[in-house]
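File shown: upload.cif (mmCIF, C-alpha atoms and all ligand atoms).
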data_protein
loop_
_atom_site.label_atom_id
_atom_site.label_comp_id
_atom_site.auth_asym_id
_atom_site.auth_seq_id
_atom_site.Cartn_x
_atom_site.Cartn_y
_atom_site.Cartn_z
CA MET H 163 66.97 7.36 -96.32
CA SER H 164 67.02 10.88 -94.89
CA VAL H 165 66.71 12.17 -91.33
CA PRO H 166 63.92 14.64 -90.44
CA ALA H 167 64.34 18.41 -90.98
CA ASN H 168 64.14 19.11 -87.24
CA LEU H 169 67.14 17.09 -86.21
CA ASN H 170 66.16 16.94 -82.54
CA ILE H 171 62.75 15.46 -83.28
CA VAL H 172 61.93 11.76 -83.50
CA PRO H 173 58.38 10.68 -84.35
CA PHE H 174 56.95 8.75 -81.39
CA ILE H 175 54.09 6.26 -81.64
CA SER H 176 52.47 6.24 -78.23
CA VAL H 177 50.11 3.48 -77.11
CA GLU H 178 47.23 5.84 -77.93
CA ASN H 179 48.66 6.51 -81.43
CA MET H 180 49.03 2.77 -82.00
CA MET H 181 45.49 2.00 -80.88
CA ASP H 182 44.14 4.81 -83.10
CA LEU H 183 46.12 3.44 -86.07
CA VAL H 184 44.87 -0.13 -85.53
CA VAL H 185 41.28 0.99 -85.01
CA ALA H 186 41.33 3.30 -88.05
CA THR H 187 42.83 0.51 -90.19
CA GLY H 188 40.70 -2.29 -88.77
CA VAL H 189 42.56 -4.97 -86.83
CA GLU H 190 42.10 -7.64 -89.52
CA ARG H 191 43.36 -5.44 -92.35
CA PHE H 192 46.25 -4.35 -90.13
CA LEU H 193 47.19 -8.01 -89.54
CA VAL H 194 47.03 -8.83 -93.26
CA GLU H 195 49.13 -5.82 -94.28
CA LEU H 196 51.62 -6.43 -91.47
CA ALA H 197 51.90 -10.08 -92.53
CA GLY H 198 52.75 -8.82 -96.03
CA TYR H 199 55.68 -6.81 -94.64
CA ILE H 200 56.89 -9.75 -92.53
CA GLU H 201 56.67 -12.14 -95.47
CA ASP H 202 58.55 -9.67 -97.71
CA ASP H 203 61.36 -9.46 -95.14
CA PHE H 204 61.45 -13.26 -94.69
CA ARG H 205 61.93 -13.51 -98.47
CA ARG H 206 65.12 -11.41 -98.19
CA TRP H 207 66.22 -13.15 -94.96
CA GLU H 208 69.82 -13.47 -96.11
CA SER H 209 70.28 -9.70 -96.39
CA PHE H 210 69.75 -9.19 -92.63
CA ASP H 211 72.22 -9.13 -89.72
CA LYS H 212 71.05 -11.90 -87.41
CA ILE H 213 71.97 -12.72 -83.83
CA PRO H 214 70.01 -14.51 -81.09
CA ARG H 215 68.39 -11.91 -78.85
CA VAL H 216 70.36 -10.71 -75.85
CA ALA H 217 68.54 -12.01 -72.79
CA SER H 218 68.92 -11.02 -69.15
CA HIS H 219 67.28 -13.72 -67.06
CA SER H 220 66.11 -13.30 -63.48
CA ARG H 221 64.10 -15.44 -61.07
CA ASP H 222 60.68 -14.29 -62.29
CA GLY H 223 61.30 -13.28 -65.88
CA VAL H 224 63.51 -12.07 -68.68
CA ILE H 225 64.37 -8.75 -70.32
CA GLU H 226 65.53 -9.00 -73.92
CA LEU H 227 67.03 -6.80 -76.63
CA MET H 228 66.32 -7.81 -80.23
CA PRO H 229 68.41 -6.03 -82.88
CA THR H 230 68.70 -6.49 -86.64
CA SER H 231 69.59 -4.50 -89.76
CA ASP H 232 69.18 -4.81 -93.51
CA GLY H 233 72.07 -2.38 -94.14
CA THR H 234 69.73 0.57 -94.76
CA LEU H 235 67.56 0.45 -91.66
CA TYR H 236 68.42 -0.76 -88.16
CA GLY H 237 65.80 -1.84 -85.64
CA PHE H 238 65.71 -3.11 -82.11
CA LYS H 239 63.05 -4.03 -79.58
CA TYR H 240 63.15 -4.03 -75.79
CA VAL H 241 60.79 -6.70 -74.47
CA ASN H 242 60.17 -8.41 -71.15
CA GLY H 243 58.50 -11.70 -70.25
CA HIS H 244 57.30 -12.04 -66.63
CA PRO H 245 54.55 -14.67 -66.26
CA LYS H 246 53.92 -13.73 -62.60
CA ASN H 247 53.15 -10.11 -63.48
CA THR H 248 49.44 -10.61 -64.11
CA ASN H 249 48.99 -11.59 -60.43
CA SER H 250 49.89 -8.02 -59.48
CA GLY H 251 48.02 -6.22 -62.26
CA LEU H 252 51.00 -5.96 -64.62
CA GLN H 253 51.32 -7.45 -68.09
CA THR H 254 53.43 -10.53 -68.85
CA VAL H 255 54.91 -8.89 -71.95
CA THR H 256 55.63 -5.19 -72.57
CA ALA H 257 57.79 -3.73 -75.33
CA PHE H 258 58.99 -0.68 -77.21
CA GLY H 259 61.31 -0.31 -80.17
CA VAL H 260 63.31 1.94 -82.44
CA LEU H 261 63.89 2.09 -86.19
CA SER H 262 67.02 3.98 -87.30
CA ASP H 263 68.78 5.22 -90.40
CA VAL H 264 71.97 3.18 -90.84
CA GLU H 265 73.74 5.92 -92.83
CA SER H 266 73.53 8.58 -90.09
CA GLY H 267 72.71 6.35 -87.11
CA TYR H 268 69.81 8.67 -86.31
CA PRO H 269 66.57 7.15 -84.98
CA LEU H 270 63.67 7.60 -87.39
CA LEU H 271 60.90 6.25 -85.18
CA LEU H 272 60.35 5.31 -81.55
CA SER H 273 57.29 3.18 -80.95
CA GLU H 274 55.31 1.40 -78.31
CA MET H 275 55.53 -2.29 -79.15
CA THR H 276 53.37 -4.04 -76.57
CA ILE H 277 50.37 -3.98 -78.88
CA LEU H 278 52.61 -4.24 -81.92
CA THR H 279 54.29 -7.39 -80.53
CA ALA H 280 50.92 -9.10 -80.11
CA LEU H 281 50.05 -8.16 -83.70
CA ARG H 282 53.38 -9.25 -85.20
CA THR H 283 53.45 -12.51 -83.22
CA ALA H 284 49.96 -13.35 -84.43
CA ALA H 285 50.75 -12.34 -88.02
CA THR H 286 53.90 -14.51 -88.02
CA SER H 287 51.99 -17.47 -86.57
CA ALA H 288 49.36 -17.16 -89.29
CA ILE H 289 52.01 -16.87 -92.04
CA ALA H 290 53.60 -20.10 -90.79
CA ALA H 291 50.21 -21.83 -90.68
CA LYS H 292 49.45 -20.67 -94.24
CA TYR H 293 52.35 -22.85 -95.39
CA LEU H 294 52.05 -25.64 -92.81
CA ALA H 295 48.41 -26.25 -91.91
CA ARG H 296 46.11 -28.37 -94.05
CA LYS H 297 44.36 -26.24 -96.66
CA GLU H 298 40.89 -27.13 -95.41
CA ALA H 299 41.69 -26.20 -91.78
CA ARG H 300 38.77 -24.33 -90.18
CA THR H 301 38.98 -25.09 -86.44
CA MET H 302 41.63 -23.88 -84.02
CA ALA H 303 42.14 -24.80 -80.38
CA LEU H 304 43.44 -21.76 -78.51
CA ILE H 305 45.03 -22.76 -75.21
CA GLY H 306 46.07 -19.83 -73.01
CA ASN H 307 43.54 -17.02 -73.34
CA GLY H 308 45.67 -14.09 -72.19
CA ALA H 309 46.91 -10.92 -73.89
CA GLN H 310 48.06 -12.63 -77.11
CA SER H 311 44.98 -14.78 -77.64
CA GLU H 312 42.50 -12.54 -79.49
CA PHE H 313 45.27 -11.34 -81.82
CA GLN H 314 46.13 -14.94 -82.66
CA ALA H 315 42.49 -15.76 -83.37
CA LEU H 316 42.04 -12.77 -85.66
CA ALA H 317 45.26 -13.35 -87.57
CA PHE H 318 44.21 -16.95 -88.28
CA LYS H 319 40.78 -15.75 -89.35
CA SER H 320 42.02 -13.04 -91.68
CA LEU H 321 44.91 -15.01 -93.23
CA LEU H 322 43.53 -18.57 -93.22
CA GLY H 323 39.78 -18.32 -92.79
CA ILE H 324 39.76 -20.03 -89.38
CA ASP H 325 36.25 -19.40 -88.05
CA ARG H 326 35.80 -22.02 -85.30
CA LEU H 327 37.60 -21.61 -81.99
CA ARG H 328 37.92 -23.95 -79.03
CA LEU H 329 39.13 -21.95 -76.03
CA TYR H 330 40.80 -23.19 -72.86
CA ASP H 331 42.66 -21.48 -70.03
CA ILE H 332 43.29 -22.61 -66.45
CA ASP H 333 41.60 -19.33 -65.52
CA PRO H 334 37.96 -19.48 -66.71
CA GLY H 335 37.80 -15.68 -66.35
CA ALA H 336 40.47 -15.33 -69.05
CA THR H 337 38.49 -17.58 -71.38
CA ALA H 338 35.27 -15.65 -70.71
CA ARG H 339 37.00 -12.36 -71.49
CA CYS H 340 38.60 -13.74 -74.66
CA ARG H 341 35.25 -15.09 -75.82
CA ARG H 342 33.50 -11.79 -75.09
CA ASN H 343 36.15 -9.79 -76.96
CA LEU H 344 35.93 -12.06 -80.00
CA GLU H 345 32.13 -12.33 -80.18
CA ARG H 346 31.69 -9.47 -82.67
CA PHE H 347 34.13 -11.01 -85.17
CA GLY H 348 31.88 -13.82 -86.36
CA PHE H 349 33.63 -16.85 -84.86
CA ASP H 350 31.82 -19.99 -83.79
CA ILE H 351 33.32 -20.30 -80.28
CA GLU H 352 33.31 -23.24 -77.89
CA THR H 353 34.52 -22.88 -74.29
CA CYS H 354 36.34 -26.01 -73.11
CA ILE H 355 37.05 -27.34 -69.63
CA SER H 356 40.43 -28.87 -70.41
CA ALA H 357 43.23 -28.71 -72.96
CA GLU H 358 42.28 -32.28 -73.94
CA GLN H 359 38.74 -31.16 -74.77
CA ALA H 360 39.99 -28.07 -76.62
CA VAL H 361 42.14 -30.07 -79.06
CA GLU H 362 39.29 -32.44 -80.02
CA THR H 363 38.38 -31.81 -83.71
CA ALA H 364 40.98 -29.01 -83.98
CA ASP H 365 42.92 -28.72 -87.25
CA ILE H 366 45.29 -26.21 -85.66
CA ILE H 367 46.40 -26.01 -82.02
CA THR H 368 47.76 -22.73 -80.71
CA THR H 369 49.40 -22.73 -77.29
CA ALA H 370 49.97 -19.28 -75.79
CA THR H 371 50.28 -19.97 -72.09
CA ALA H 372 52.61 -18.20 -69.69
CA ASP H 373 54.38 -20.09 -66.94
CA LYS H 374 58.04 -19.96 -66.09
CA HIS H 375 58.70 -23.68 -66.15
CA ASN H 376 58.65 -26.73 -68.41
CA ALA H 377 54.90 -27.22 -68.67
CA THR H 378 53.16 -30.03 -70.54
CA ILE H 379 50.10 -28.38 -72.04
CA LEU H 380 50.23 -30.87 -74.92
CA THR H 381 51.04 -34.55 -74.59
CA ASP H 382 51.57 -37.01 -77.41
CA ASN H 383 48.14 -38.69 -77.08
CA MET H 384 46.42 -35.30 -77.71
CA ILE H 385 47.89 -34.86 -81.19
CA GLY H 386 46.13 -36.53 -84.11
CA PRO H 387 47.46 -36.93 -87.66
CA GLY H 388 47.42 -33.84 -89.87
CA VAL H 389 47.39 -31.32 -87.03
CA HIS H 390 49.40 -28.11 -87.19
CA ILE H 391 50.69 -26.86 -83.83
CA ASN H 392 51.48 -23.19 -83.33
CA GLY H 393 53.57 -23.12 -80.14
CA VAL H 394 53.85 -19.51 -78.96
CA GLY H 395 54.41 -19.64 -75.20
CA GLY H 396 57.60 -21.74 -75.05
CA ASP H 397 60.10 -18.96 -75.63
CA CYS H 398 62.72 -19.02 -72.88
CA PRO H 399 65.24 -21.48 -71.45
CA GLY H 400 63.30 -23.69 -69.01
CA LYS H 401 59.91 -22.43 -70.32
CA THR H 402 58.19 -24.87 -72.67
CA GLU H 403 54.63 -26.04 -73.33
CA MET H 404 54.77 -29.52 -74.78
CA HIS H 405 56.00 -32.99 -73.99
CA ARG H 406 59.16 -34.04 -75.81
CA ASP H 407 57.28 -36.93 -77.48
CA VAL H 408 55.11 -34.40 -79.37
CA LEU H 409 58.28 -32.89 -80.83
CA LEU H 410 59.58 -36.30 -81.87
CA ARG H 411 56.44 -36.96 -83.93
CA ALA H 412 56.32 -33.54 -85.59
CA ASP H 413 58.17 -31.87 -88.43
CA ILE H 414 59.50 -28.72 -86.82
CA PHE H 415 59.71 -25.26 -88.37
CA VAL H 416 61.55 -22.38 -86.70
CA GLU H 417 62.54 -18.76 -87.17
CA PHE H 418 66.29 -18.59 -86.41
CA PRO H 419 67.76 -21.93 -85.22
CA PRO H 420 70.58 -20.49 -83.02
CA GLN H 421 67.90 -18.66 -80.97
CA THR H 422 65.18 -21.32 -81.07
CA ARG H 423 67.49 -24.15 -80.00
CA VAL H 424 68.08 -22.24 -76.74
CA GLU H 425 64.61 -20.75 -76.19
CA GLY H 426 62.03 -22.83 -78.06
CA GLU H 427 60.36 -26.19 -77.53
CA ILE H 428 63.38 -27.77 -79.25
CA GLN H 429 65.59 -26.94 -76.26
CA GLN H 430 64.28 -30.38 -75.17
CA LEU H 431 65.96 -32.05 -78.18
CA SER H 432 69.56 -32.57 -79.21
CA PHE H 433 71.28 -29.58 -80.81
CA ASP H 434 71.41 -31.30 -84.20
CA HIS H 435 67.75 -32.38 -84.33
CA PRO H 436 66.55 -31.51 -87.86
CA VAL H 437 64.45 -28.37 -88.18
CA THR H 438 63.38 -26.30 -91.19
CA GLU H 439 63.71 -22.52 -91.27
CA LEU H 440 60.40 -20.82 -92.06
CA TRP H 441 61.99 -18.30 -94.45
CA GLN H 442 63.12 -21.18 -96.67
CA VAL H 443 59.58 -22.51 -96.85
CA ILE H 444 58.33 -19.03 -97.79
CA THR H 445 60.92 -18.68 -100.58
CA GLY H 446 60.09 -22.19 -101.84
CA GLU H 447 63.58 -23.58 -101.12
CA LYS H 448 62.18 -26.07 -98.60
CA MET H 449 58.90 -27.94 -98.44
CA GLY H 450 56.21 -26.94 -95.93
CA ARG H 451 53.43 -29.51 -95.40
CA SER H 452 54.17 -32.59 -97.46
CA SER H 453 51.21 -34.85 -96.60
CA GLU H 454 47.72 -34.79 -95.13
CA LYS H 455 48.81 -36.88 -92.14
CA GLN H 456 52.01 -35.00 -91.30
CA ILE H 457 52.11 -33.26 -87.91
CA THR H 458 53.72 -29.86 -88.25
CA LEU H 459 54.96 -27.61 -85.44
CA PHE H 460 55.85 -23.94 -85.73
CA ASP H 461 58.13 -23.51 -82.69
CA SER H 462 57.64 -19.75 -82.41
CA VAL H 463 59.90 -17.73 -80.12
CA GLY H 464 59.73 -14.35 -81.87
CA PHE H 465 62.66 -13.04 -83.92
CA ALA H 466 64.04 -9.53 -84.42
CA ILE H 467 63.22 -9.40 -88.15
CA GLU H 468 59.48 -9.65 -87.34
CA ASP H 469 59.79 -6.55 -85.14
CA PHE H 470 61.83 -4.78 -87.82
CA SER H 471 59.05 -5.52 -90.34
CA ALA H 472 56.44 -4.26 -87.88
CA LEU H 473 58.31 -1.01 -87.28
CA ARG H 474 58.80 -0.59 -91.04
CA TYR H 475 55.05 -1.12 -91.61
CA VAL H 476 54.08 1.38 -88.91
CA ARG H 477 56.56 3.93 -90.19
CA ASP H 478 55.11 3.69 -93.70
CA ARG H 479 51.57 3.96 -92.33
CA VAL H 480 52.22 7.09 -90.22
CA SER H 481 54.55 8.81 -92.69
CA GLY H 482 53.29 12.39 -93.18
CA SER H 483 50.74 12.07 -90.37
CA THR H 484 50.40 15.12 -88.14
CA SER H 485 48.55 13.26 -85.42
CA ILE H 486 51.52 11.37 -83.95
CA ASN H 487 53.76 12.69 -81.20
CA GLN H 488 57.06 14.42 -81.87
CA LEU H 489 59.74 13.65 -79.28
CA ASP H 490 62.56 16.05 -78.50
CA LEU H 491 64.91 13.06 -78.26
CA LEU H 492 68.19 14.04 -79.90
CA ALA H 493 70.50 16.82 -78.75
CA ASP H 494 70.98 19.13 -81.76
CA PRO H 495 73.51 21.92 -81.12
CA ASP H 496 73.79 24.68 -83.78
CA GLU H 497 77.39 23.55 -84.37
CA PRO H 498 77.59 19.75 -84.06
CA ARG H 499 80.66 19.71 -81.83
CA ASP H 500 79.39 22.43 -79.48
CA LEU H 501 77.31 20.13 -77.26
CA PHE H 502 78.64 21.78 -74.11
CA GLY H 503 77.94 25.26 -75.53
CA MET H 504 74.31 24.23 -75.99
CA LEU H 505 74.16 23.36 -72.29
CA LEU H 506 75.70 26.76 -71.36
CA ARG H 507 73.16 28.58 -73.54
CA ARG H 508 70.35 26.69 -71.76
CA GLN H 509 71.86 27.67 -68.40
CA ALA H 510 71.96 31.34 -69.48
CA LEU H 511 68.36 31.15 -70.69
CA LEU H 512 67.17 29.68 -67.38
CA ALA H 513 69.15 32.27 -65.40
CA SER H 514 67.65 35.16 -67.42
CA ALA H 515 64.15 33.76 -66.80
CA CYS H 516 64.63 33.94 -63.00
N1 LIG E 1 56.63 -16.51 -79.60
C1 LIG E 1 56.51 -15.21 -79.54
O1 LIG E 1 56.88 -14.49 -80.45
C2 LIG E 1 55.83 -14.61 -78.34
C3 LIG E 1 55.44 -13.27 -78.38
C4 LIG E 1 54.73 -12.76 -77.29
C5 LIG E 1 54.48 -13.56 -76.18
N2 LIG E 1 54.93 -14.85 -76.18
C6 LIG E 1 54.65 -15.73 -75.04
O2 LIG E 1 53.29 -16.13 -75.15
C7 LIG E 1 52.79 -16.46 -73.86
C8 LIG E 1 51.46 -15.76 -73.65
O3 LIG E 1 51.69 -14.37 -73.55
P1 LIG E 1 50.52 -13.41 -73.02
O4 LIG E 1 51.04 -12.03 -73.18
O5 LIG E 1 49.23 -13.81 -73.65
O6 LIG E 1 50.52 -13.85 -71.49
P2 LIG E 1 49.32 -13.67 -70.44
O7 LIG E 1 49.94 -13.82 -69.09
O8 LIG E 1 48.53 -12.47 -70.75
O9 LIG E 1 48.37 -14.95 -70.74
C9 LIG E 1 48.80 -16.26 -70.51
C10 LIG E 1 47.57 -17.11 -70.19
O10 LIG E 1 48.01 -18.47 -70.06
C11 LIG E 1 47.20 -19.07 -69.06
N3 LIG E 1 47.83 -20.30 -68.61
C12 LIG E 1 48.94 -20.45 -67.84
N4 LIG E 1 49.18 -21.77 -67.65
C13 LIG E 1 48.23 -22.45 -68.34
C14 LIG E 1 47.96 -23.84 -68.54
N5 LIG E 1 48.72 -24.77 -67.98
N6 LIG E 1 46.90 -24.17 -69.32
C15 LIG E 1 46.11 -23.22 -69.89
N7 LIG E 1 46.33 -21.90 -69.73
C16 LIG E 1 47.37 -21.51 -68.96
C17 LIG E 1 47.08 -17.98 -68.00
O11 LIG E 1 45.98 -18.22 -67.13
C18 LIG E 1 46.89 -16.73 -68.87
O12 LIG E 1 45.53 -16.42 -69.09
C19 LIG E 1 53.86 -16.05 -72.88
O13 LIG E 1 54.54 -17.20 -72.45
C20 LIG E 1 54.78 -15.13 -73.67
O14 LIG E 1 56.09 -15.14 -73.19
C21 LIG E 1 55.58 -15.39 -77.23
#
Produce structure tokens that represent the structure in this file.
Amino acid sequence: MSVPANLNIVPFISVENMMDLVVATGVERFLVELAGYIEDDFRRWESFDKIPRVASHSRDGVIELMPTSDGTLYGFKYVNGHPKNTNSGLQTVTAFGVLSDVESGYPLLLSEMTILTALRTAATSAIAAKYLARKEARTMALIGNGAQSEFQALAFKSLLGIDRLRLYDIDPGATARCRRNLERFGFDIETCISAEQAVETADIITTATADKHNATILTDNMIGPGVHINGVGGDCPGKTEMHRDVLLRADIFVEFPPQTRVEGEIQQLSFDHPVTELWQVITGEKMGRSSEKQITLFDSVGFAIEDFSALRYVRDRVSGSTSINQLDLLADPDEPRDLFGMLLRRQALLASAC
């Protein structure tokens, strides 16, 4: 891995660059290709450095750093989660991230990751469902129709062929917007007036609500045999979406147990409650769905390797592109140890310009 010729420059994927890339690719193709990168990295799970993300909790939210490395590349993401933000016109989740060259330590790419997080979360959910949902699944209940929702719907459509949606949100405006945004993608969409109604006839239930407390979006009586649950919104200590009894009836699949046991739905269970790691299902070491009647739960919290894969995918896609921004991010003195001299030369240049 080499660093760029202009050592001060780091390619920067702005929000506009990211939107242009997604639009030019087509969101469904983007999700499928991104899922391919994530699945490839899950297959080589053991070659990564792994730690639970570093979380700074406050009254209204959390700010997290999510690092990982495969020994050649290093990546990290900065991400926040503030459910109250939408009340004041801000987003619940925003993010940016960096991919670096391990050999030199130099950043290779700085990227917006708010859009990319929604894409990678949805792609990871759909990968899990590919192994865990019943093969004939066609209908998904989508509870919580905020920023993540359309991405989830499209990932399930492009990776699993889900084409019937049952939408519910406590805010009918959110559901109306989600429905409007998805209309052109060929779904058969039903708007529901309760979570109970939304889960009726659903093969897959996705929960992507945001509330900073232990919510009970799903109760045991709502879950029929054979259902796959994709729990996205329970991702912080004290922030869950389903009743403990749902967990006790389900076979539970997770990303990285040391992180999920603190942040996921399973924070409600004992620390030794059996769970299966998704990467082991993908490699074939462990079984995914084992019967038609089994209830499966992907207790998604979001793990650093998914962001690493997403940054790797974007870097490959924009490599050689002249349309992305170039950031003057790294100090690059003519002689590496003359950092101060570089400052003096700048001072002289500014003085001569006066
Ligand atoms: N697992 C992951 O990898 C991952 C990644 C990104 C976001 N998230 C989480 O997913 C959740 C959704 O994120 P977002 O960016 O879409 O948030 P958002 O604020 O844009 O949308 C959340 C929606 O949930 C709705 N809602 C809240 N309580 C509800 C309830 N009881 N029943 C039905 N709907 C309810 C809100 O009205 C809102 O429309 C958040 O909790 C976020 O932290 C998880």
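Distance annotation: of H:Leu492, H:Ala197, H:Leu304, H:Leu322, the residue with the minimal separation from ligand LIG 1 (chain E) is H:Leu304; atom set is all atoms listed in the file.
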message: Nearest residue to Thr438 (chain H) out of H:Ala315, H:Leu321, H:Leu183, H:Leu294, using only C-alpha atoms?
response: H:Leu294
task: Determine, counting only C-alpha atoms, which protein, DNA and RNA residues have an atom within 12 Å of an atom of Thr484 (chain H); residues of the same chain fewer than 2 positions away are not included. Present the result as a list of chain:residue names.
output: H:Pro173, H:Phe174, H:Ile175, H:Asn179, H:Arg479, H:Val480, H:Ser481, H:Gly482, H:Ile486, H:Asn487, H:Gln488
query: What do you get as a ChimeraX atom specification if you pick all residues at most 7 Å from ligand LIG 1 (chain E), counting only C-alpha atoms and all ligand atoms?
result: /H:243,245,248,253-255,279-280,283,305-311,330-333,336,357,370-373,377,379,394-397,462-465
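Of the residues under consideration (H:Tyr475, H:Trp207, H:Tyr199, H:Phe192), H:Trp207 shows the shortest atom-to-atom contact distance to Val443 (chain H) when counting all atoms listed in the file.
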Write out as lines of an AutoDock Vina configuration file an axis-aligned box for region 501-505 of chain H: all of its atoms listed in the file, 4 Å added on each side, centre and edge lengths in Å with one decimal.
center_x = 76.4
center_y = 22.7
center_z = -74.8
size_x = 12.5
size_y = 13.1
size_z = 13.0
query: Counting only C-alpha atoms, which residues come within 12 Å of (32.7, -17.3, -76.1), with the point read in the file's coordinates, and could you list them as a PyMOL selection string?
result: chain H and resi 304+307+312+326-330+334-354
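The two atoms in question, CA of Gly223 (chain H) and CA of Phe418 (chain H), are spaced 21.8 Å apart.
Among the candidates H:Arg477, H:Arg411, H:His244, H:Lys297, the residue lying nearest to Pro387 (chain H) is H:Arg411 (atoms considered: only C-alpha atoms).
The spacing separating CA of Thr378 (chain H) from CA of Lys246 (chain H) amounts to 18.1 Å.
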For region 255-271 of chain H, supply N, CA and C atoms and report the output as an mmCIF file, keeping the file's coordinate frame.
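Wrote selection15.cif, looks like this:
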data_model
loop_
_atom_site.group_PDB
_atom_site.id
_atom_site.type_symbol
_atom_site.label_atom_id
_atom_site.label_comp_id
_atom_site.auth_asym_id
_atom_site.auth_seq_id
_atom_site.Cartn_x
_atom_site.Cartn_y
_atom_site.Cartn_z
ATOM 1 N N VAL H 255 54.009 -9.382 -70.893
ATOM 2 C CA VAL H 255 54.910 -8.890 -71.950
ATOM 3 C C VAL H 255 54.657 -7.392 -72.183
ATOM 4 N N THR H 256 55.721 -6.584 -72.118
ATOM 5 C CA THR H 256 55.630 -5.190 -72.570
ATOM 6 C C THR H 256 56.820 -4.932 -73.490
ATOM 7 N N ALA H 257 56.694 -3.941 -74.380
ATOM 8 C CA ALA H 257 57.790 -3.730 -75.330
ATOM 9 C C ALA H 257 57.742 -2.332 -75.939
ATOM 10 N N PHE H 258 58.898 -1.868 -76.354
ATOM 11 C CA PHE H 258 58.990 -0.680 -77.210
ATOM 12 C C PHE H 258 60.172 -0.881 -78.151
ATOM 13 N N GLY H 259 60.225 -0.087 -79.219
ATOM 14 C CA GLY H 259 61.310 -0.310 -80.170
ATOM 15 C C GLY H 259 61.661 0.930 -80.968
ATOM 16 N N VAL H 260 62.754 0.826 -81.674
ATOM 17 C CA VAL H 260 63.310 1.940 -82.440
ATOM 18 C C VAL H 260 63.674 1.457 -83.847
ATOM 19 N N LEU H 261 63.406 2.318 -84.825
ATOM 20 C CA LEU H 261 63.890 2.090 -86.190
ATOM 21 C C LEU H 261 64.829 3.245 -86.525
ATOM 22 N N SER H 262 66.008 2.934 -87.063
ATOM 23 C CA SER H 262 67.020 3.980 -87.300
ATOM 24 C C SER H 262 67.533 3.949 -88.723
ATOM 25 N N ASP H 263 68.135 5.085 -89.111
ATOM 26 C CA ASP H 263 68.780 5.220 -90.400
ATOM 27 C C ASP H 263 70.239 4.765 -90.263
ATOM 28 N N VAL H 264 70.618 3.723 -90.989
ATOM 29 C CA VAL H 264 71.970 3.180 -90.840
ATOM 30 C C VAL H 264 73.029 4.210 -91.251
ATOM 31 N N GLU H 265 72.738 4.995 -92.290
ATOM 32 C CA GLU H 265 73.740 5.920 -92.830
ATOM 33 C C GLU H 265 74.165 6.963 -91.790
ATOM 34 N N SER H 266 73.196 7.552 -91.079
ATOM 35 C CA SER H 266 73.530 8.580 -90.090
ATOM 36 C C SER H 266 73.529 8.022 -88.674
ATOM 37 N N GLY H 267 72.877 6.880 -88.464
ATOM 38 C CA GLY H 267 72.710 6.350 -87.110
ATOM 39 C C GLY H 267 71.579 7.018 -86.356
ATOM 40 N N TYR H 268 70.871 7.946 -87.004
ATOM 41 C CA TYR H 268 69.810 8.670 -86.310
ATOM 42 C C TYR H 268 68.521 7.834 -86.246
ATOM 43 N N PRO H 269 67.874 7.826 -85.066
ATOM 44 C CA PRO H 269 66.570 7.150 -84.980
ATOM 45 C C PRO H 269 65.539 7.846 -85.857
ATOM 46 N N LEU H 270 64.728 7.070 -86.518
ATOM 47 C CA LEU H 270 63.670 7.600 -87.390
ATOM 48 C C LEU H 270 62.303 7.453 -86.750
ATOM 49 N N LEU H 271 62.198 6.538 -85.783
ATOM 50 C CA LEU H 271 60.900 6.250 -85.180
ATOM 51 C C LEU H 271 61.127 5.555 -83.841
#
